[in-house]
Amino acid sequence: MQNTKIFKMPFASIYPHYVTKVEKKGHTKAELHTVIHWLTGYTEKGLQQVIDKKLDFETFFAKAPKMNLNVSKITGLICGYRVEDIEDPLMQQIRYLDKLVDELARGKKMESILRK
């Protein structure tokens with residue numbers, strides 16, 4: 001899985017697509033933020049700074065306050081790849097986020113998404 005162009009893409013350029021995806025399915029931006037906060041440890045203020053500064057995905061994850069210890073519980077397919085088998089750590093983090101956004105959009109219960 002080689003797509004390192006995404007590493008340099010601003011998180012702010014993809015974020016509106018995440019919002020649209022979950023809102024189309026009847027979920028809220030607040031729920032999306034809950035998922036992002038759970039995964040990365042960003043606060044609301046920290047997330048807004050990432051968006052305002054147009055930090056790329058590489059920096060977004062490098063500066064994440066604390067990746068959730070339960071990320072290993074995120075499994076399954078995303079974009080045709082098993083997230084648990086992705087070897088590049090940054091690509092795996094990006095796909096973890098994609099997987100959580102997909103689960104939210106599909107209506108999975110928040111406690112399941114947050115691996116409680």
# chains A, B, ... in the order shown; residues from 1 in each chain; ligands from 1
$ select_by_dssp --residues "chain A" --states "strand (DSSP E)" --output "PyMOL selection string"
chain A and resi 77-78+81-82
$ residues_around --residues "Pro65 (chain A)" --least-positions-apart "4" --cutoff "10 Å" --atoms "only C-alpha atoms" --output "JSON, numbers by chain"
{"A": [37, 39, 40, 41, 42, 43, 46, 60, 61]}
$ write_last_selection --atoms "N, CA and C atoms" --output "mmCIF file, in the first residue's frame"
data_model
loop_
_atom_site.group_PDB
_atom_site.id
_atom_site.type_symbol
_atom_site.label_atom_id
_atom_site.label_comp_id
_atom_site.auth_asym_id
_atom_site.auth_seq_id
_atom_site.Cartn_x
_atom_site.Cartn_y
_atom_site.Cartn_z
ATOM 1 N N HIS A 37 -11.254 12.757 18.713
ATOM 2 C CA HIS A 37 -10.660 12.978 20.039
ATOM 3 C C HIS A 37 -10.245 11.648 20.663
ATOM 4 N N LEU A 39 -9.457 8.821 19.187
ATOM 5 C CA LEU A 39 -8.321 8.224 18.483
ATOM 6 C C LEU A 39 -7.013 8.949 18.766
ATOM 7 N N THR A 40 -7.040 10.274 18.740
ATOM 8 C CA THR A 40 -5.801 11.055 18.732
ATOM 9 C C THR A 40 -5.474 11.768 20.036
ATOM 10 N N GLY A 41 -6.459 11.983 20.879
ATOM 11 C CA GLY A 41 -6.235 12.741 22.099
ATOM 12 C C GLY A 41 -6.330 14.246 21.911
ATOM 13 N N TYR A 42 -6.611 14.696 20.683
ATOM 14 C CA TYR A 42 -6.778 16.134 20.472
ATOM 15 C C TYR A 42 -7.982 16.641 21.240
ATOM 16 N N THR A 43 -7.854 17.845 21.783
ATOM 17 C CA THR A 43 -8.992 18.530 22.384
ATOM 18 C C THR A 43 -9.724 19.254 21.237
ATOM 19 N N GLY A 46 -7.417 21.985 20.138
ATOM 20 C CA GLY A 46 -6.281 21.439 19.393
ATOM 21 C C GLY A 46 -6.674 21.011 17.991
ATOM 22 N N PHE A 60 -0.308 15.961 11.616
ATOM 23 C CA PHE A 60 -1.511 15.736 12.415
ATOM 24 C C PHE A 60 -1.301 14.561 13.369
ATOM 25 N N PHE A 61 -0.806 13.448 12.845
ATOM 26 C CA PHE A 61 -0.607 12.280 13.695
ATOM 27 C C PHE A 61 0.661 12.389 14.535
#
$ select_by_dssp --residues "chain A" --states "alpha helix (DSSP H)" --output "VMD selection string"
chain A and resid 11 to 24 29 to 40 44 to 53 57 to 62 89 to 105 110 to 113
$ write_last_selection --atoms "C-alpha atoms" --output "mmCIF file, in the first residue's frame"
data_model
loop_
_atom_site.group_PDB
_atom_site.id
_atom_site.type_symbol
_atom_site.label_atom_id
_atom_site.label_comp_id
_atom_site.auth_asym_id
_atom_site.auth_seq_id
_atom_site.Cartn_x
_atom_site.Cartn_y
_atom_site.Cartn_z
ATOM 1 C CA PHE A 11 -5.993 17.307 7.226
ATOM 2 C CA ALA A 12 -8.200 20.377 6.680
ATOM 3 C CA SER A 13 -8.740 19.368 3.040
ATOM 4 C CA ILE A 14 -10.110 15.920 3.997
ATOM 5 C CA TYR A 15 -11.947 16.937 7.165
ATOM 6 C CA PRO A 16 -14.958 18.463 5.305
ATOM 7 C CA HIS A 17 -15.405 15.129 3.508
ATOM 8 C CA TYR A 18 -15.540 13.334 6.849
ATOM 9 C CA VAL A 19 -18.165 15.835 8.058
ATOM 10 C CA THR A 20 -20.234 15.429 4.891
ATOM 11 C CA LYS A 21 -20.027 11.645 5.080
ATOM 12 C CA VAL A 22 -21.347 11.420 8.636
ATOM 13 C CA GLU A 23 -23.958 14.183 8.229
ATOM 14 C CA LYS A 24 -25.372 12.535 5.093
ATOM 15 C CA LYS A 29 -20.006 16.899 13.531
ATOM 16 C CA ALA A 30 -19.886 16.567 17.331
ATOM 17 C CA GLU A 31 -19.996 12.775 16.996
ATOM 18 C CA LEU A 32 -17.200 12.943 14.424
ATOM 19 C CA HIS A 33 -15.154 15.049 16.827
ATOM 20 C CA THR A 34 -15.759 12.501 19.597
ATOM 21 C CA VAL A 35 -14.256 9.823 17.359
ATOM 22 C CA ILE A 36 -11.264 11.996 16.396
ATOM 23 C CA HIS A 37 -10.660 12.978 20.039
ATOM 24 C CA TRP A 38 -10.819 9.329 21.126
ATOM 25 C CA LEU A 39 -8.321 8.224 18.483
ATOM 26 C CA THR A 40 -5.801 11.055 18.732
ATOM 27 C CA GLU A 44 -11.589 20.603 20.563
ATOM 28 C CA LYS A 45 -9.201 23.569 20.590
ATOM 29 C CA GLY A 46 -6.281 21.439 19.393
ATOM 30 C CA LEU A 47 -8.325 19.981 16.549
ATOM 31 C CA GLN A 48 -9.411 23.439 15.447
ATOM 32 C CA GLN A 49 -5.774 24.585 15.434
ATOM 33 C CA VAL A 50 -4.823 21.641 13.213
ATOM 34 C CA ILE A 51 -7.567 22.633 10.794
ATOM 35 C CA ASP A 52 -6.714 26.361 10.898
ATOM 36 C CA LYS A 53 -2.991 25.759 10.403
ATOM 37 C CA PHE A 57 -1.684 14.167 7.920
ATOM 38 C CA GLU A 58 1.909 13.348 8.828
ATOM 39 C CA THR A 59 2.066 16.298 11.227
ATOM 40 C CA PHE A 60 -1.511 15.736 12.415
ATOM 41 C CA PHE A 61 -0.607 12.280 13.695
ATOM 42 C CA ALA A 62 2.945 13.182 14.787
ATOM 43 C CA PRO A 89 2.497 3.135 10.870
ATOM 44 C CA LEU A 90 1.320 6.475 9.463
ATOM 45 C CA MET A 91 -0.821 4.870 6.766
ATOM 46 C CA GLN A 92 -2.283 2.598 9.425
ATOM 47 C CA GLN A 93 -3.202 5.602 11.587
ATOM 48 C CA ILE A 94 -4.855 7.306 8.620
ATOM 49 C CA ARG A 95 -6.822 4.154 7.863
ATOM 50 C CA TYR A 96 -7.807 3.782 11.517
ATOM 51 C CA LEU A 97 -9.399 7.212 11.269
ATOM 52 C CA ASP A 98 -11.081 6.295 7.978
ATOM 53 C CA LYS A 99 -12.421 3.094 9.532
ATOM 54 C CA LEU A 100 -13.866 4.921 12.539
ATOM 55 C CA VAL A 101 -15.503 7.535 10.302
ATOM 56 C CA ASP A 102 -17.018 4.737 8.199
ATOM 57 C CA GLU A 103 -18.346 2.997 11.297
ATOM 58 C CA LEU A 104 -19.938 6.233 12.497
ATOM 59 C CA ALA A 105 -21.500 6.868 9.097
ATOM 60 C CA MET A 110 -20.635 4.931 19.674
ATOM 61 C CA GLU A 111 -19.585 2.550 22.441
ATOM 62 C CA SER A 112 -18.587 0.006 19.783
ATOM 63 C CA ILE A 113 -16.763 2.618 17.699
#
$ residues_around --residues "Glu84 (chain A)" --least-positions-apart "4" --cutoff "8 Å" --atoms "only C-alpha atoms" --output "list in words"
Ser72, Ile74, Thr75, Gly76 and Gln92 of chain A
$ write_last_selection --atoms "C-alpha atoms" --output "PDB file, in the first residue's frame"
ATOM      1  CA  SER A  72      -5.213  -2.374  18.095  1.00  0.00           C
ATOM      2  CA  ILE A  74      -9.721  -1.452  15.290  1.00  0.00           C
ATOM      3  CA  THR A  75      -9.897  -4.225  12.722  1.00  0.00           C
ATOM      4  CA  GLY A  76     -11.520  -4.918   9.407  1.00  0.00           C
ATOM      5  CA  GLN A  92      -2.283   2.598   9.425  1.00  0.00           C
TER       6      GLN A  92
END
$ atom_distance --atom1 "CA of Lys109 (chain A)" --atom2 "CA of Ile6 (chain A)"
28.6 Å
$ atom_distance --atom1 "CA of Arg82 (chain A)" --atom2 "CA of Gly107 (chain A)"
20.4 Å
